[in-house]
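Novice: To be precise about what I am sending: the file is called structure-v4.txt and holds compact mmCIF, C-alpha atoms and all ligand atoms.
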```
# COMPACT_ATOMS: atom_id res chain seq x y z
CA MET I 935 89.60 129.14 76.33
CA GLU I 936 91.06 131.18 79.19
CA LYS I 937 89.74 129.99 82.56
CA THR I 938 88.14 132.55 84.86
CA ASP I 939 87.98 132.70 88.64
CA ILE I 940 85.21 131.70 91.04
CA GLU I 941 83.15 134.87 91.45
CA GLY I 942 80.10 133.72 93.38
CA ARG I 943 77.64 130.98 94.29
CA ALA I 944 76.90 130.02 90.67
CA GLU I 945 80.49 128.89 90.08
CA LEU I 946 80.54 127.03 93.39
CA GLU I 947 77.40 125.14 92.38
CA VAL I 948 79.14 123.94 89.21
CA LEU I 949 82.27 123.02 91.14
CA VAL I 950 80.54 121.13 93.94
CA ALA I 951 78.23 119.15 91.63
CA ASP I 952 81.14 118.08 89.45
CA PHE I 953 83.34 117.29 92.45
CA TYR I 954 80.81 114.94 94.06
CA SER I 955 80.09 113.19 90.77
CA LYS I 956 83.83 112.40 90.60
CA VAL I 957 83.83 111.39 94.27
CA ARG I 958 80.91 109.00 93.82
CA ALA I 959 82.60 107.36 90.82
CA ASP I 960 85.82 106.84 92.78
CA ASP I 961 86.48 103.29 94.04
CA LEU I 962 88.42 104.37 97.10
CA ILE I 963 86.19 107.10 98.54
CA GLY I 964 82.86 106.80 96.69
CA PRO I 965 81.67 103.96 98.95
CA VAL I 966 82.27 106.05 102.11
CA PHE I 967 79.61 108.47 100.87
CA ASP I 968 77.14 106.09 99.24
CA GLU I 969 77.52 102.95 101.36
CA THR I 970 78.87 103.95 104.79
CA ALA I 971 77.22 107.36 105.23
CA LYS I 972 74.38 106.88 102.72
CA VAL I 973 74.53 110.60 101.97
CA ASP I 974 71.36 112.40 101.01
CA TRP I 975 72.82 114.32 98.06
CA SER I 976 69.92 116.70 97.74
CA SER I 977 70.78 118.20 101.13
CA HIS I 978 74.55 117.57 101.13
CA ILE I 979 75.29 119.50 97.93
CA PRO I 980 73.64 122.82 98.91
CA LYS I 981 75.22 122.54 102.37
CA ILE I 982 78.68 122.19 100.85
CA VAL I 983 78.00 125.10 98.49
CA ASP I 984 77.10 127.12 101.63
CA PHE I 985 80.33 125.96 103.23
CA TRP I 986 82.57 127.13 100.37
CA GLU I 987 80.57 130.32 99.92
CA THR I 988 81.21 131.12 103.59
CA VAL I 989 84.92 130.34 103.17
CA LEU I 990 85.34 132.57 100.11
CA PHE I 991 82.78 135.33 100.51
CA ARG I 992 82.02 135.28 104.25
CA THR I 993 78.29 134.96 103.66
CA GLY I 994 77.76 132.97 106.86
CA SER I 995 75.36 130.71 104.97
CA TYR I 996 77.14 127.64 106.43
CA LYS I 997 76.61 127.17 110.12
CA GLY I 998 77.93 123.87 111.25
CA SER I 999 80.83 121.90 112.46
CA PRO I 1000 82.76 120.26 109.64
CA LEU I 1001 84.85 118.08 111.91
CA HIS I 1002 82.05 116.19 113.61
CA PRO I 1003 80.71 113.96 110.79
CA HIS I 1004 84.24 112.94 109.87
CA LEU I 1005 85.06 111.86 113.42
CA ALA I 1006 81.85 109.84 113.45
CA LEU I 1007 82.75 108.29 110.09
CA SER I 1008 86.17 107.25 111.41
CA LYS I 1009 84.35 104.89 113.79
CA MET I 1010 82.45 103.31 110.90
CA THR I 1011 85.14 102.97 108.25
CA GLU I 1012 88.82 103.62 107.67
CA MET I 1013 89.31 107.39 107.29
CA SER I 1014 92.87 106.84 106.11
CA ARG I 1015 95.48 109.28 104.85
CA GLU I 1016 95.18 107.57 101.48
CA ARG I 1017 91.48 108.41 101.36
CA PHE I 1018 92.07 112.02 102.35
CA GLN I 1019 94.78 112.30 99.69
CA ARG I 1020 92.33 111.04 97.08
CA TRP I 1021 89.68 113.54 98.24
CA VAL I 1022 92.18 116.40 97.95
CA ALA I 1023 93.47 115.19 94.55
CA LEU I 1024 89.92 115.04 93.14
CA PHE I 1025 89.14 118.45 94.61
CA PHE I 1026 92.22 120.07 93.05
CA GLU I 1027 91.54 118.36 89.72
CA THR I 1028 87.94 119.61 89.70
CA VAL I 1029 88.86 123.20 90.64
CA ASP I 1030 91.61 123.30 88.00
CA SER I 1031 89.41 121.87 85.27
CA HIS I 1032 86.95 124.78 85.61
CA PHE I 1033 88.66 127.79 87.17
CA ALA I 1034 91.88 129.72 87.62
CA GLY I 1035 92.63 132.68 89.87
CA GLU I 1036 93.03 133.84 93.45
CA ASN I 1037 89.74 132.43 94.72
CA ALA I 1038 90.39 129.09 93.04
CA ASP I 1039 93.84 128.97 94.66
CA HIS I 1040 92.44 129.96 98.04
CA LEU I 1041 89.83 127.21 97.89
CA LYS I 1042 92.48 124.59 97.15
CA ARG I 1043 94.65 125.84 100.00
CA VAL I 1044 91.75 125.75 102.48
CA ALA I 1045 90.72 122.26 101.33
CA ALA I 1046 94.24 120.89 101.74
CA ASP I 1047 94.64 122.56 105.16
CA MET I 1048 91.31 121.25 106.39
CA ALA I 1049 92.11 117.76 105.17
CA GLU I 1050 95.34 117.89 107.17
CA VAL I 1051 93.60 119.16 110.32
CA MET I 1052 90.85 116.54 110.01
CA GLN I 1053 93.35 113.73 109.63
CA ARG I 1054 95.25 114.86 112.72
CA ARG I 1055 92.06 115.16 114.77
CA ILE I 1056 90.91 111.72 113.58
CA GLU I 1057 94.25 110.20 114.56
CA GLU I 1058 94.06 111.83 118.02
CA PHE I 1059 90.44 110.73 118.39
CA SER I 1060 91.21 107.11 117.47
CA ALA I 1061 94.09 107.03 119.97
CA LEU I 1062 91.70 107.79 122.86
C1 LIG P 1101 88.24 111.08 102.69
C2 LIG P 1101 87.81 112.32 102.87
C3 LIG P 1101 86.38 112.69 103.18
C4 LIG P 1101 85.24 111.92 103.24
C5 LIG P 1101 85.11 110.42 102.97
C6 LIG P 1101 84.15 112.81 103.61
C7 LIG P 1101 82.83 112.41 103.80
C8 LIG P 1101 81.82 113.20 104.30
C9 LIG P 1101 80.51 112.73 104.64
C10 LIG P 1101 80.01 111.30 104.46
C11 LIG P 1101 79.82 113.79 105.15
C12 LIG P 1101 78.39 113.77 105.71
C13 LIG P 1101 77.43 114.02 104.62
C14 LIG P 1101 76.00 114.02 105.09
O1 LIG P 1101 75.48 112.96 105.41
O2 LIG P 1101 75.41 115.11 105.13
C15 LIG P 1101 80.68 114.94 105.08
C16 LIG P 1101 80.32 116.22 105.44
C17 LIG P 1101 81.11 117.32 105.25
N1 LIG P 1101 82.39 117.33 104.74
FE1 LIG P 1101 83.51 115.72 104.26
N2 LIG P 1101 84.63 114.08 103.75
C18 LIG P 1101 85.97 114.07 103.49
C19 LIG P 1101 86.83 115.16 103.51
C20 LIG P 1101 86.44 116.46 103.69
C21 LIG P 1101 87.32 117.60 103.66
C22 LIG P 1101 88.83 117.56 103.44
C23 LIG P 1101 86.54 118.70 103.88
C24 LIG P 1101 86.98 120.15 103.99
C25 LIG P 1101 87.21 120.94 103.06
C26 LIG P 1101 85.16 118.25 104.05
C27 LIG P 1101 84.07 119.07 104.28
C28 LIG P 1101 82.84 118.64 104.70
C29 LIG P 1101 81.78 119.52 105.21
C30 LIG P 1101 81.83 121.04 105.33
C31 LIG P 1101 80.69 118.69 105.55
C32 LIG P 1101 79.34 119.11 106.12
C33 LIG P 1101 79.36 119.00 107.62
C34 LIG P 1101 78.03 119.41 108.23
O3 LIG P 1101 77.13 118.56 108.29
O4 LIG P 1101 77.89 120.57 108.64
N3 LIG P 1101 85.14 116.88 103.93
N4 LIG P 1101 81.91 114.55 104.57
```
Once more with this new file: its structure as structure tokens, please.
Ligand code: HEM
Specialist:
Amino acid sequence: MEKTDIEGRAELEVLVADFYSKVRADDLIGPVFDETAKVDWSSHIPKIVDFWETVLFRTGSYKGSPLHPHLALSKMTEMSRERFQRWVALFFETVDSHFAGENADHLKRVAADMAEVMQRRIEEFSAL
């Protein structure tokens, strides 16, 4: 079947739920969420849907600072390039398995760019 694009919040809900189920099952990054950060998934998932909705559709439903929790995590565990690469690979794989189109491409680009920025900021932060 031909894949369609991400058109609104409903598609992002599918994407985000599937993405974090892959993340949690992953040996390299799953433990950062479930053991180091002990993420409360019932609040994390809607927050991340808000985040992507704000990126794609400028709803402003996400108000926060995405960098902060990752800097804090880098003091608790290794936030390595390898881990970021895995995060990005799982994200791309999840987007591609459900959707195709301009919004799907934009989401992947933003995710990869943010991963790069976060890694650089974490490296600067750990050099202090
Ligand atoms: C190895 C890579 C990553 C790990 C292990 C990771 C882990 C986490 C954890 C544990 C939280 C806090 C969850 C909570 O307790 O509420 C979080 C929040 C968040 N992450 Fe990541 N993350 C990674 C990469 C990324 C990337 C590349 C992005 C950008 C697209 C991203 C976007 C966010 C956002 C938007 C939040 C919510 C921040 C807030 O509280 O406002 N993460 N992440």
Novice: Within 7 Å of ligand LIG 1101 (chain P), which residues of chain I show up? Give each one with its shortest atom-to-atom distance in Å (one decimal) and the two atoms involved, counting all atoms listed in the file, rows by chain then rising residue number, as a tab-separated table.
Specialist:
```
residue	atom	partner	partner_atom	distance
I:Ile963	CA	P:LIG1101	C5	5.6
I:Val966	CA	P:LIG1101	C5	5.3
I:Phe967	CA	P:LIG1101	C10	4.6
I:Ala971	CA	P:LIG1101	C10	4.9
I:Lys972	CA	P:LIG1101	O1	6.7
I:Val973	CA	P:LIG1101	O1	4.3
I:Asp974	CA	P:LIG1101	O1	6.1
I:Ser977	CA	P:LIG1101	O2	6.9
I:His978	CA	P:LIG1101	O2	4.8
I:Lys981	CA	P:LIG1101	C32	6.5
I:Ile982	CA	P:LIG1101	C30	5.6
I:Phe985	CA	P:LIG1101	C30	5.6
I:Lys997	CA	P:LIG1101	O4	6.9
I:Gly998	CA	P:LIG1101	O4	4.2
I:Ser999	CA	P:LIG1101	O4	5.0
I:Pro1000	CA	P:LIG1101	C33	4.2
I:Pro1003	CA	P:LIG1101	C12	5.6
I:His1004	CA	P:LIG1101	N4	6.0
I:Leu1007	CA	P:LIG1101	C10	6.9
I:Met1013	CA	P:LIG1101	C1	6.0
I:Arg1017	CA	P:LIG1101	C1	4.4
I:Phe1018	CA	P:LIG1101	C1	4.0
I:Arg1020	CA	P:LIG1101	C1	6.9
I:Trp1021	CA	P:LIG1101	C2	5.1
I:Val1022	CA	P:LIG1101	C22	6.5
I:Val1044	CA	P:LIG1101	C25	6.6
I:Ala1045	CA	P:LIG1101	C25	4.1
I:Ala1046	CA	P:LIG1101	C22	6.6
I:Met1048	CA	P:LIG1101	C24	5.1
I:Ala1049	CA	P:LIG1101	C22	3.7
I:Met1052	CA	P:LIG1101	C22	6.9
```
Novice: Go ahead and compute the interatomic distance for CA of Thr1011 (chain I) and CA of Leu1062 (chain I), in Å to one decimal.
Specialist: 16.7 Å
Novice: Between I:Asp1039, I:Glu1027, I:Glu1012, I:Glu1057, which is the closest to Lys956 (chain I) once you count all atoms listed in the file?
Specialist: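 Between I:Asp1039, I:Glu1027, I:Glu1012, I:Glu1057, the residue approaching Lys956 (chain I) most closely is I:Glu1027.
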Novice: Which of these, I:Ala1061, I:Ile1056, I:Val948, I:Leu1041, has the shortest distance to Thr988 (chain I) once you count all atoms listed in the file?
Specialist: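 Under the stated criterion, the closest residue is I:Leu1041.
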Novice: Report, in Å to a single decimal, how far apart CA of Phe1033 (chain I) and CA of Ser995 (chain I) are.
Specialist: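 Result for CA of Ser995 (chain I) versus CA of Phe1033 (chain I): 22.4 Å, one decimal.
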Novice: For Val1051 (chain I), which residue among I:Leu1024, I:Val989, I:Ala1034, I:Leu1001 is the nearest when counting all atoms listed in the file?
Specialist: I:Leu1001
